[in-house]
file coords31.txt (compact mmCIF, C-alpha atoms)
# COMPACT_ATOMS: atom_id res chain seq x y z
CA MET A 8 -1.83 -151.73 109.58
CA ARG A 9 1.68 -150.70 110.67
CA LEU A 10 2.97 -154.16 109.87
CA HIS A 11 1.38 -153.97 106.41
CA ASP A 12 2.87 -150.52 105.72
CA THR A 13 6.31 -151.66 106.87
CA ALA A 14 6.15 -154.60 104.49
CA ILE A 15 5.23 -152.35 101.59
CA HIS A 16 7.99 -149.86 102.32
CA THR A 17 10.60 -152.57 102.82
CA ALA A 18 9.70 -154.37 99.61
CA LEU A 19 9.76 -151.09 97.74
CA ALA A 20 13.21 -150.33 99.14
CA ALA A 21 14.49 -153.70 98.00
CA LEU A 22 13.10 -153.20 94.53
CA LEU A 23 14.62 -149.74 94.35
CA VAL A 24 18.00 -151.28 95.17
CA ALA A 25 17.36 -153.81 92.43
CA SER A 26 16.64 -151.07 89.95
CA SER A 27 19.90 -149.36 90.92
CA ALA A 28 21.73 -152.29 89.35
CA LEU A 29 20.38 -151.16 86.01
CA THR A 30 21.98 -147.75 86.46
CA SER A 31 25.49 -149.06 87.07
CA PRO A 32 27.96 -148.47 84.20
CA ALA A 33 28.29 -152.20 83.58
CA VAL A 34 24.60 -152.48 82.74
CA VAL A 35 23.69 -149.08 81.29
CA ALA A 36 26.74 -148.44 79.16
CA GLU A 37 25.16 -149.97 76.06
CA VAL A 38 21.48 -149.24 76.74
CA ILE A 39 20.25 -146.98 73.94
CA ASP A 40 16.99 -146.47 72.11
CA PRO A 41 17.65 -147.70 68.58
CA GLY A 42 14.47 -146.09 67.25
CA VAL A 43 12.20 -147.90 64.82
CA ARG A 44 13.34 -151.51 64.40
CA GLN A 45 13.83 -152.80 60.89
CA ALA A 46 13.71 -156.39 59.71
CA GLY A 47 13.75 -158.31 56.46
CA THR A 48 10.01 -158.89 56.73
CA ASP A 49 9.17 -155.17 56.80
CA ASN A 50 6.79 -153.86 54.14
CA GLY A 51 5.40 -157.30 53.47
CA PRO A 52 1.67 -158.05 53.19
CA PRO A 53 -0.22 -157.55 56.47
CA PRO A 54 -1.22 -160.91 57.94
CA PRO A 55 -4.94 -161.67 58.28
CA LEU A 56 -6.27 -163.71 61.18
CA ALA A 57 -5.90 -167.44 60.73
CA GLY A 58 -8.94 -169.43 59.64
CA LEU A 59 -10.77 -166.78 57.61
CA THR A 60 -13.18 -167.94 54.93
CA ALA A 61 -12.78 -166.96 51.27
CA ASP A 62 -15.52 -164.33 51.66
CA GLU A 63 -13.91 -162.91 54.80
CA LEU A 64 -10.53 -162.70 53.05
CA ALA A 65 -12.17 -160.84 50.16
CA PHE A 66 -13.57 -158.23 52.55
CA PHE A 67 -10.20 -158.04 54.34
CA GLN A 68 -8.43 -157.31 51.05
CA ASP A 69 -11.06 -154.72 50.11
CA GLY A 70 -10.52 -152.98 53.45
CA LEU A 71 -6.76 -153.08 52.96
CA ALA A 72 -7.09 -151.39 49.56
CA ARG A 73 -9.26 -148.61 51.02
CA PHE A 74 -6.93 -148.23 54.00
CA SER A 75 -3.96 -147.77 51.62
CA ALA A 76 -5.67 -145.41 49.15
CA VAL A 77 -4.43 -141.80 48.90
CA LYS A 78 -7.36 -139.41 49.17
CA MET A 79 -7.85 -136.07 47.40
CA VAL A 80 -10.14 -133.11 47.96
CA ARG A 81 -11.96 -133.91 44.73
CA SER A 82 -10.69 -136.77 42.62
CA PRO A 83 -10.73 -136.68 38.77
CA THR A 84 -13.33 -139.47 38.80
CA GLY A 85 -15.62 -137.48 41.10
CA ASP A 86 -15.69 -140.05 43.88
CA ASN A 87 -16.46 -137.50 46.61
CA SER A 88 -13.10 -138.12 48.34
CA GLY A 89 -13.38 -135.05 50.58
CA LEU A 90 -9.85 -134.68 52.00
CA GLY A 91 -9.64 -131.73 54.43
CA PRO A 92 -10.15 -128.82 54.66
CA ARG A 93 -7.84 -129.64 57.59
CA PHE A 94 -5.99 -132.93 57.85
CA ASN A 95 -2.97 -134.74 59.27
CA SER A 96 -2.34 -137.04 56.31
CA ASN A 97 -3.97 -138.19 53.08
CA ALA A 98 -4.07 -141.96 53.65
CA CYS A 99 -4.60 -144.21 56.66
CA ALA A 100 -1.59 -146.32 55.67
CA SER A 101 0.78 -143.35 55.59
CA CYS A 102 0.69 -143.26 59.41
CA HIS A 103 0.03 -146.97 60.06
CA ILE A 104 2.82 -148.59 58.03
CA GLN A 105 5.55 -150.01 60.32
CA PRO A 106 6.37 -152.88 60.03
CA PHE A 107 3.58 -153.21 57.43
CA VAL A 108 0.17 -151.69 56.73
CA GLY A 109 -1.77 -151.63 59.99
CA GLY A 110 1.28 -150.89 62.13
CA SER A 111 2.52 -147.57 63.46
CA SER A 112 4.81 -144.63 62.64
CA PRO A 113 7.38 -145.64 59.96
CA PHE A 114 11.16 -145.38 59.85
CA VAL A 115 10.97 -142.48 57.38
CA ASN A 116 8.32 -139.89 58.20
CA PRO A 117 6.03 -139.34 55.15
CA LEU A 118 4.41 -136.13 56.40
CA PRO A 119 6.94 -133.64 54.94
CA ALA A 120 5.97 -134.93 51.48
CA VAL A 121 2.24 -134.90 52.33
CA ALA A 122 2.53 -131.23 53.33
CA HIS A 123 3.33 -130.22 49.74
CA ALA A 124 1.35 -132.81 47.77
CA ASP A 125 -0.69 -131.55 44.80
CA GLY A 126 0.68 -128.02 45.05
CA ALA A 127 -0.14 -127.35 48.71
CA THR A 128 1.96 -124.67 50.39
CA ASN A 129 1.88 -125.94 53.97
CA ALA A 130 4.78 -125.19 56.29
CA VAL A 131 6.03 -128.40 57.92
CA PRO A 132 5.59 -128.04 61.71
CA TRP A 133 8.86 -128.00 63.67
CA PHE A 134 8.10 -131.31 65.44
CA ILE A 135 7.70 -133.20 62.12
CA VAL A 136 11.12 -134.27 60.83
CA THR A 137 12.13 -136.92 58.31
CA ASN A 138 13.87 -139.16 60.83
CA GLY A 139 11.38 -138.60 63.63
CA PRO A 140 7.97 -140.05 64.47
CA ILE A 141 4.62 -139.00 63.08
CA ARG A 142 3.00 -136.79 65.71
CA GLU A 143 -0.59 -135.68 66.14
CA ALA A 144 -0.86 -132.32 67.93
CA ARG A 145 -3.38 -131.74 70.69
CA PHE A 146 -3.65 -128.33 72.35
CA VAL A 147 -3.74 -128.31 76.14
CA SER A 148 -5.79 -125.09 76.10
CA ASP A 149 -8.87 -126.68 74.53
CA GLY A 150 -8.08 -130.42 74.59
CA GLY A 151 -8.69 -130.75 70.86
CA VAL A 152 -6.67 -132.13 67.95
CA HIS A 153 -5.34 -129.35 65.72
CA ASP A 154 -4.62 -130.75 62.28
CA LEU A 155 -1.18 -130.05 60.87
CA PHE A 156 -2.11 -129.17 57.28
CA VAL A 157 -4.74 -127.42 55.15
CA VAL A 158 -5.79 -127.84 51.50
CA THR A 159 -4.94 -124.22 50.63
CA ASN A 160 -3.45 -123.85 47.11
CA ARG A 161 -3.85 -127.53 46.26
CA SER A 162 -4.71 -128.12 42.60
CA ASP A 163 -7.98 -129.82 43.60
CA ALA A 164 -9.05 -127.09 46.04
CA ALA A 165 -9.06 -123.91 43.93
CA GLY A 166 -10.07 -120.84 45.89
CA CYS A 167 -9.40 -122.26 49.36
CA GLN A 168 -7.37 -119.82 51.50
CA ILE A 169 -7.43 -120.97 55.11
CA ALA A 170 -4.37 -120.90 57.38
CA GLN A 171 -2.60 -123.61 59.37
CA PRO A 172 -2.60 -123.43 63.16
CA SER A 173 0.42 -121.81 64.79
CA PHE A 174 2.68 -124.33 66.50
CA ALA A 175 5.37 -121.80 67.47
CA PRO A 176 7.65 -121.40 69.29
CA ALA A 177 9.80 -124.24 68.01
CA GLY A 178 11.78 -126.73 70.04
CA ASN A 179 13.82 -129.85 69.28
CA GLY A 180 12.20 -131.35 66.20
CA PHE A 181 13.48 -134.86 66.77
CA THR A 182 12.56 -135.27 70.44
CA GLY A 183 9.60 -132.88 70.42
CA GLN A 184 10.93 -131.37 73.65
CA GLY A 185 10.89 -127.65 74.34
CA GLY A 186 8.95 -125.29 72.16
CA ASN A 187 5.28 -124.54 72.58
CA PRO A 188 4.10 -125.83 75.99
CA ASN A 189 0.49 -125.82 74.76
CA ILE A 190 1.12 -128.85 72.52
CA VAL A 191 1.00 -132.50 73.55
CA TYR A 192 1.60 -135.33 71.09
CA ARG A 193 0.34 -138.73 70.13
CA ILE A 194 1.87 -141.18 67.69
CA PRO A 195 -0.28 -143.57 65.58
CA THR A 196 -1.67 -146.56 67.42
CA PRO A 197 -0.75 -149.99 65.98
CA LEU A 198 -3.86 -151.80 64.81
CA LEU A 199 -2.48 -155.35 64.81
CA GLY A 200 -4.98 -157.71 66.43
CA ALA A 201 -7.49 -154.90 67.00
CA GLY A 202 -10.40 -157.24 66.31
CA LEU A 203 -9.22 -159.54 69.10
CA ILE A 204 -9.14 -156.59 71.50
CA GLU A 205 -12.66 -155.63 70.46
CA ALA A 206 -13.85 -159.15 71.26
CA ILE A 207 -12.48 -159.31 74.85
CA PRO A 208 -15.37 -159.54 77.34
CA ASP A 209 -15.57 -156.74 79.89
CA SER A 210 -15.39 -159.36 82.65
CA ALA A 211 -11.97 -160.50 81.42
CA ILE A 212 -10.63 -156.92 81.47
CA LEU A 213 -11.87 -156.45 85.04
CA ALA A 214 -10.43 -159.79 86.15
CA ASN A 215 -7.04 -158.89 84.70
CA ALA A 216 -7.15 -155.56 86.52
CA ARG A 217 -7.75 -157.35 89.84
CA ALA A 218 -5.04 -159.98 89.31
CA ASP A 219 -1.61 -159.66 90.98
CA ALA A 220 -2.79 -156.67 92.99
CA PHE A 221 0.16 -156.71 95.41
CA THR A 222 2.81 -156.80 92.68
CA LYS A 223 1.06 -154.03 90.77
CA ARG A 224 0.96 -151.90 93.92
CA LEU A 225 4.69 -152.36 94.42
CA PHE A 226 5.38 -150.96 90.97
CA GLY A 227 2.78 -148.21 91.16
CA VAL A 228 0.49 -149.79 88.57
CA SER A 229 -3.11 -148.68 89.01
CA GLY A 230 -6.03 -147.33 87.06
CA HIS A 231 -9.58 -148.00 86.01
CA PRO A 232 -11.29 -148.82 82.72
CA ASN A 233 -12.90 -146.07 80.70
CA ARG A 234 -16.60 -146.61 80.12
CA SER A 235 -19.09 -145.58 77.49
CA GLY A 236 -21.43 -142.76 78.42
CA ASN A 237 -24.13 -144.50 76.37
CA ASP A 238 -24.36 -148.03 77.75
CA GLY A 239 -21.79 -148.09 80.57
CA THR A 240 -19.65 -150.86 79.04
CA ILE A 241 -15.85 -150.66 78.77
CA THR A 242 -14.42 -148.67 75.89
CA ARG A 243 -11.05 -149.57 74.39
CA PHE A 244 -9.86 -147.61 71.31
CA GLY A 245 -8.50 -144.12 70.81
CA TRP A 246 -6.37 -141.55 72.65
CA LYS A 247 -7.99 -142.28 76.03
CA ALA A 248 -9.72 -145.53 75.05
CA GLN A 249 -12.78 -143.36 74.52
CA ASN A 250 -14.21 -145.31 71.58
CA LYS A 251 -16.33 -148.38 72.20
CA SER A 252 -15.92 -150.11 68.85
CA LEU A 253 -13.68 -150.24 65.80
CA LEU A 254 -16.50 -148.70 63.75
CA LEU A 255 -16.60 -145.62 65.99
CA PHE A 256 -12.79 -145.51 66.08
CA SER A 257 -12.63 -145.70 62.27
CA ALA A 258 -15.22 -142.96 61.75
CA GLU A 259 -13.61 -140.60 64.25
CA ALA A 260 -10.14 -141.06 62.72
CA TYR A 261 -11.46 -140.50 59.19
CA ASN A 262 -12.97 -137.17 60.23
CA VAL A 263 -10.27 -135.95 62.64
CA GLU A 264 -7.12 -137.19 60.88
CA MET A 265 -8.16 -136.76 57.24
CA GLY A 266 -11.04 -134.31 57.45
CA ILE A 267 -13.45 -136.69 55.72
CA SER A 268 -16.98 -136.55 57.09
CA ASN A 269 -18.94 -139.82 57.24
CA LEU A 270 -22.12 -141.47 58.43
CA ILE A 271 -21.13 -141.34 62.12
CA PHE A 272 -19.48 -137.90 62.02
CA PRO A 273 -21.50 -136.27 59.22
CA GLN A 274 -20.40 -132.65 59.65
CA GLU A 275 -17.11 -131.12 58.50
CA ARG A 276 -14.77 -129.87 61.22
CA ASP A 277 -14.14 -126.78 59.08
CA GLU A 278 -17.10 -125.72 56.96
CA THR A 279 -15.40 -122.97 54.92
CA PRO A 280 -17.37 -123.23 51.63
CA ALA A 281 -14.46 -122.71 49.23
CA CYS A 282 -12.49 -125.56 50.83
CA GLN A 283 -14.99 -128.42 50.54
CA GLY A 284 -14.18 -129.54 47.01
CA LEU A 285 -16.37 -128.45 44.13
CA GLY A 286 -19.39 -130.74 43.90
CA ASN A 287 -18.60 -132.79 47.02
CA LEU A 288 -21.57 -133.84 49.12
CA THR A 289 -21.75 -134.01 52.90
CA PRO A 290 -21.09 -136.42 54.43
CA ASN A 291 -18.22 -137.26 52.10
CA ASP A 292 -18.07 -140.98 52.89
CA THR A 293 -21.33 -142.90 52.50
CA ALA A 294 -22.56 -146.28 51.35
CA THR A 295 -22.40 -146.69 47.57
CA PHE A 296 -25.97 -147.68 46.89
CA GLY A 297 -25.43 -147.90 43.15
CA ALA A 298 -22.87 -150.71 43.52
CA LEU A 299 -25.28 -153.56 42.88
CA THR A 300 -22.83 -155.74 41.00
CA PRO A 301 -19.99 -157.82 42.51
CA PRO A 302 -17.86 -157.47 44.51
CA ASN A 303 -20.38 -157.24 47.31
CA SER A 304 -17.93 -155.15 49.35
CA ALA A 305 -18.30 -152.28 46.86
CA VAL A 306 -21.51 -151.12 48.54
CA LEU A 307 -19.71 -150.38 51.82
CA SER A 308 -18.55 -146.95 52.91
CA ASP A 309 -14.83 -146.49 53.47
CA MET A 310 -15.17 -146.43 57.24
CA GLU A 311 -16.85 -149.85 57.11
CA GLY A 312 -14.10 -151.16 54.85
CA PHE A 313 -11.46 -149.92 57.29
CA VAL A 314 -13.21 -151.85 60.04
CA ASP A 315 -13.17 -155.07 58.00
CA PHE A 316 -9.42 -154.68 57.58
CA MET A 317 -8.71 -153.85 61.25
CA ARG A 318 -11.07 -156.48 62.64
CA MET A 319 -9.49 -159.29 60.63
CA LEU A 320 -5.88 -158.10 60.90
CA GLY A 321 -3.60 -160.55 62.69
CA PRO A 322 -1.88 -159.69 66.00
CA SER A 323 1.74 -158.65 66.40
CA ARG A 324 4.39 -161.35 66.66
CA LEU A 325 7.49 -161.57 68.83
CA ASN A 326 10.66 -160.33 67.14
CA MET A 327 12.88 -163.39 67.53
CA ALA A 328 15.86 -161.51 66.12
CA ARG A 329 16.29 -159.42 69.30
CA PRO A 330 16.71 -161.81 72.24
CA CYS A 331 18.36 -159.43 74.73
CA SER A 332 15.40 -158.66 76.94
CA ARG A 333 14.16 -162.26 76.90
CA ARG A 334 17.54 -163.62 77.94
CA TRP A 335 17.91 -161.02 80.65
CA ALA A 336 14.50 -161.92 82.02
CA ALA A 337 15.27 -165.64 81.82
CA ALA A 338 18.52 -165.19 83.74
CA CYS A 339 17.25 -162.80 86.41
CA VAL A 340 13.55 -163.36 86.90
CA THR A 341 11.88 -166.40 85.35
CA ARG A 342 14.61 -168.73 86.61
CA ARG A 343 13.66 -167.42 90.07
CA CYS A 344 17.27 -166.46 90.73
CA SER A 345 18.94 -169.81 90.31
CA PRO A 346 21.93 -171.04 92.40
CA PRO A 347 25.19 -169.13 91.90
CA ALA A 348 27.01 -171.60 89.68
CA ARG A 349 24.20 -171.97 87.19
CA GLN A 350 23.47 -168.25 87.25
CA SER A 351 27.10 -167.43 86.47
CA ARG A 352 27.09 -169.80 83.53
CA THR A 353 23.80 -168.36 82.29
CA VAL A 354 24.93 -164.75 82.46
CA MET A 355 28.30 -165.47 80.87
CA LYS A 356 26.51 -167.33 78.09
CA ILE A 357 24.35 -164.26 77.51
CA ARG A 358 27.42 -162.06 77.27
CA ARG A 359 29.00 -164.32 74.65
CA ALA A 360 25.83 -164.89 72.64
CA SER A 361 24.35 -161.41 72.34
CA PRO A 362 25.10 -157.68 72.45
CA CYS A 363 23.24 -157.35 75.77
CA ARG A 364 26.53 -157.24 77.68
CA THR A 365 24.69 -158.08 80.88
CA SER A 366 26.73 -157.71 84.05
CA ARG A 367 26.84 -160.75 86.35
CA ARG A 368 27.02 -158.39 89.32
CA GLY A 369 24.01 -156.45 88.07
CA CYS A 370 22.02 -159.64 87.56
CA SER A 371 22.95 -160.85 91.03
CA ARG A 372 21.92 -157.58 92.65
CA ILE A 373 18.52 -157.66 90.97
CA CYS A 374 17.96 -161.32 91.85
CA SER A 375 19.03 -160.87 95.45
CA SER A 376 16.76 -157.89 95.94
CA ILE A 377 13.73 -159.53 94.37
CA THR A 378 14.31 -162.77 96.29
CA TRP A 379 14.87 -160.89 99.55
CA ALA A 380 11.66 -158.88 99.08
CA ARG A 381 9.77 -162.10 98.37
CA HIS A 382 11.07 -163.81 101.52
CA TRP A 383 10.52 -160.68 103.62
CA TRP A 384 6.87 -160.48 102.62
CA THR A 385 6.35 -164.22 103.09
CA GLY A 386 7.87 -164.08 106.56
CA LEU A 387 5.69 -161.19 107.61
CA ARG A 388 2.58 -162.93 106.38
CA ARG A 389 3.51 -165.93 108.53
CA GLY A 390 3.75 -163.71 111.60
CA ALA A 391 7.54 -163.44 111.75
CA ARG A 392 7.40 -159.89 113.14
CA GLY A 393 10.88 -158.52 113.77
CA ARG A 394 12.67 -161.74 112.78
CA THR A 395 14.15 -160.49 109.51
CA ASN A 396 17.17 -162.82 109.61
CA SER A 397 14.95 -165.87 109.87
CA VAL A 398 13.38 -165.22 106.49
CA ARG A 399 16.25 -163.62 104.56
CA PRO A 400 18.06 -166.00 102.13
CA ARG A 401 21.53 -166.98 103.34
CA CYS A 402 24.43 -165.96 101.15
CA GLY A 403 25.64 -168.83 99.02
CA ALA A 404 22.92 -171.23 100.14
CA SER A 405 21.28 -173.50 97.61
CA GLY A 406 18.62 -171.50 95.82
CA SER A 407 19.89 -168.17 97.08
CA ALA A 408 20.01 -165.19 94.80
CA CYS A 409 23.71 -164.63 94.40
CA SER A 410 27.18 -165.81 95.25
CA SER A 411 28.11 -162.56 97.01
CA CYS A 412 24.97 -161.00 98.45
CA THR A 413 24.99 -157.29 97.71
CA THR A 414 21.67 -156.38 99.29
CA ALA A 415 20.90 -156.56 103.00
CA GLY A 416 17.61 -156.14 104.72
CA PRO A 417 16.90 -153.21 106.99
CA ALA A 418 17.40 -153.58 110.70
CA THR A 419 14.27 -154.09 112.70
call {"tool": "encode", "arguments": {"input": "coords31.txt", "output": "structure tokens"}}
result
Amino acid sequence: MRLHDTAIHTALAALLVASSALTSPAVVAEVIDPGVRQAGTDNGPPPPLAGLTADELAFFQDGLARFSAVKMVRSPTGDNSGLGPRFNSNACASCHIQPFVGGSSPFVNPLPAVAHADGATNAVPWFIVTNGPIREARFVSDGGVHDLFVVTNRSDAAGCQIAQPSFAPAGNGFTGQGGNPNIVYRIPTPLLGAGLIEAIPDSAILANARADAFTKRLFGVSGHPNRSGNDGTITRFGWKAQNKSLLLFSAEAYNVEMGISNLIFPQERDETPACQGLGNLTPNDTATFGALTPPNSAVLSDMEGFVDFMRMLGPSRLNMARPCSRRWAAACVTRRCSPPARQSRTVMKIRRASPCRTSRRGCSRICSSITWARHWWTGLRRGARGRTNSVRPRCGASGSACSSCTTAGPAT
């Protein structure tokens, strides 16, 4: 047991030294968070999964239209929209829009405009700013989501006079730091490839959790799957992966984020009579039984249409325009810390070809530490107790981590 603990502590120390390379001025000087990335393909049509039939594509497009529609308390056509009384936004796509519909929080936050749509007199919460992310507010005191806005004074909600929650005191609106300690945030979850996630067998999730156990322990990665209280299977969508399926996820979001009751959550979260929309029925979103003519999708409720869109939405794709992290990984990890001459050429090529400005010294320190930790653990497993020098890579040797070893193993 002592031998095992020593190995863990030694490997952790080596990896901590490796991480220190990332904090040196040569490496960190240009490391910044650029915020939401933008590309020429932004705002294009969301990609469906490959291989869909014509019928499946028709249902995908119907779901996309519903997902993008702006909802009202009571629409002029009397379609029982049912927005509010309390809500975070008036369309699914307003929060899931980057880099296209089905994504996440956009470059320009739409919520300040939503706050005043149709004559509403909402105050914009301090943590919602134009150049900041969309944030959902959850109160620590009760664990619940407290919607940002109300339908008070909207033109389609005459007579409604309910008040917004208090989010004071204010802090830094851009970072969300400071201010009311009772508030925790969540930004919109990207939905790209959600249908593929829904289809993963529980056994595959458990097998992935068991894989590479030693490496995960080194980096402090641990956890357990959340499970359904109904059938005991693994859940996978929502704030704490509490929702089993996309249908449940869709229905919960429709009620919590937009205040629209539906067949799975049939009651309003706020039942103030004057704020329901004159003539609206409960639940607001139901199957349209009178839609007996094509398209066939017209009979579906909105929450079912959302699911068709999410389930057939294609997965995210690698941004080939930003190669920094890939090149860094190729130079320092996946090449398994190549011999000094080749590593030098690789790192210098990175510096010329990209704005990464990777330091050769930093790369060497990371490689040496990772390689040393690997050899240390291998030696211990072979019974080389106390013979650190026999398993440590020699400086400058073929296959060693660096040309001037900057990390040494601890004395035994």
call {"tool": "closest_residue", "arguments": {"input": "coords31.txt", "among": "A:Pro273, A:Gly178, A:Gly91, A:Pro197", "to": "Pro322 of chain A", "atoms": "only C-alpha atoms"}}
result
A:Pro197
call {"tool": "closest_residue", "arguments": {"input": "coords31.txt", "among": "A:Ile135, A:Ala206, A:Ala248, A:Ile271", "to": "Tyr192 of chain A", "atoms": "all atoms listed in the file"}}
result
A:Ile135
call {"tool": "residues_around", "arguments": {"input": "coords31.txt", "residues": "Val115 of chain A", "least_positions_apart": "3", "cutoff": "12 Å", "atoms": "all atoms listed in the file", "output": "list in words"}}
result
Gly42, Val43, Arg44, Gln45, Ser101, Cys102, Ile104, Gln105, Pro106, Ser111, Ser112, Leu118, Pro119, Ala120, Ile135, Val136, Thr137, Asn138, Gly139, Pro140 and Ile141 of chain A
call {"tool": "residues_around", "arguments": {"input": "coords31.txt", "residues": "segment 259-266 of chain A", "least_positions_apart": "2", "cutoff": "7 Å", "atoms": "all atoms listed in the file", "output": "list of chain:residue names"}}
result
A:Leu90, A:Gly91, A:Pro92, A:Arg93, A:Phe94, A:Asn95, A:Ser96, A:Asn97, A:Leu255, A:Phe256, A:Ser257, A:Ser268, A:Phe272, A:Glu275, A:Arg276
call {"tool": "atom_distance", "arguments": {"input": "coords31.txt", "atom1": "atom CA of Leu270 of chain A", "atom2": "atom CA of Thr295 of chain A"}}
result
12.1 Å
call {"tool": "closest_residue", "arguments": {"input": "coords31.txt", "among": "A:Glu205, A:Ala211, A:Glu143, A:Ile169", "to": "Arg193 of chain A", "atoms": "only C-alpha atoms"}}
result
A:Glu143
call {"tool": "closest_residue", "arguments": {"input": "coords31.txt", "among": "A:Asp163, A:Ala100, A:Ala72, A:Trp133", "to": "Pro117 of chain A", "atoms": "only C-alpha atoms"}}
result
A:Ala100
call {"tool": "residues_around", "arguments": {"input": "coords31.txt", "residues": "Ala220 of chain A", "least_positions_apart": "6", "cutoff": "12 Å", "atoms": "all atoms listed in the file", "output": "VMD selection string"}}
result
chain A and resid 214 226 to 230
call {"tool": "atom_distance", "arguments": {"input": "coords31.txt", "atom1": "atom CA of Gly110 of chain A", "atom2": "atom CA of Leu198 of chain A"}}
result
5.9 Å
call {"tool": "closest_residue", "arguments": {"input": "coords31.txt", "among": "A:Asn287, A:Asn187, A:Asn179, A:Thr196", "to": "Met317 of chain A", "atoms": "all atoms listed in the file"}}
result
A:Thr196
call {"tool": "decode", "arguments": {"input": "coords31.txt", "residues": "segment 227-238 of chain A", "atoms": "N, CA, C and O atoms", "output": "short mmCIF file (atom, residue, chain, number, x, y, z; two decimals), in the first residue's frame"}}
result
data_model
loop_
_atom_site.label_atom_id
_atom_site.label_comp_id
_atom_site.auth_asym_id
_atom_site.auth_seq_id
_atom_site.Cartn_x
_atom_site.Cartn_y
_atom_site.Cartn_z
N GLY A 227 -7.61 13.74 -10.85
CA GLY A 227 -8.74 14.03 -9.98
C GLY A 227 -10.09 13.88 -10.65
O GLY A 227 -11.07 14.49 -10.22
N VAL A 228 -10.15 13.07 -11.72
CA VAL A 228 -11.41 12.87 -12.44
C VAL A 228 -12.17 11.69 -11.80
O VAL A 228 -11.66 10.56 -11.77
N SER A 229 -13.35 11.97 -11.31
CA SER A 229 -14.16 10.91 -10.70
C SER A 229 -15.62 11.29 -10.80
O SER A 229 -15.95 12.40 -11.21
N GLY A 230 -16.47 10.40 -10.40
CA GLY A 230 -17.90 10.70 -10.44
C GLY A 230 -18.71 9.44 -10.66
O GLY A 230 -18.17 8.33 -10.71
N HIS A 231 -20.01 9.62 -10.78
CA HIS A 231 -20.89 8.48 -11.00
C HIS A 231 -22.06 8.97 -11.84
O HIS A 231 -22.41 10.15 -11.82
N PRO A 232 -22.67 8.07 -12.61
CA PRO A 232 -23.81 8.49 -13.43
C PRO A 232 -25.04 8.77 -12.59
O PRO A 232 -25.24 8.15 -11.54
N ASN A 233 -25.83 9.74 -13.04
CA ASN A 233 -27.12 9.97 -12.39
C ASN A 233 -28.11 8.95 -12.94
O ASN A 233 -28.01 8.54 -14.09
N ARG A 234 -29.04 8.54 -12.11
CA ARG A 234 -29.98 7.50 -12.53
C ARG A 234 -31.42 7.94 -12.30
O ARG A 234 -31.72 8.73 -11.41
N SER A 235 -32.29 7.42 -13.11
CA SER A 235 -33.71 7.73 -13.02
C SER A 235 -34.32 7.10 -11.77
O SER A 235 -34.05 5.93 -11.44
N GLY A 236 -35.12 7.89 -11.07
CA GLY A 236 -35.83 7.34 -9.92
C GLY A 236 -36.97 6.43 -10.31
O GLY A 236 -37.55 5.75 -9.46
N ASN A 237 -37.29 6.40 -11.60
CA ASN A 237 -38.41 5.56 -12.07
C ASN A 237 -37.98 4.16 -12.44
O ASN A 237 -38.55 3.18 -11.97
N ASP A 238 -36.96 4.06 -13.32
CA ASP A 238 -36.57 2.72 -13.78
C ASP A 238 -35.11 2.39 -13.48
O ASP A 238 -34.65 1.31 -13.84
#
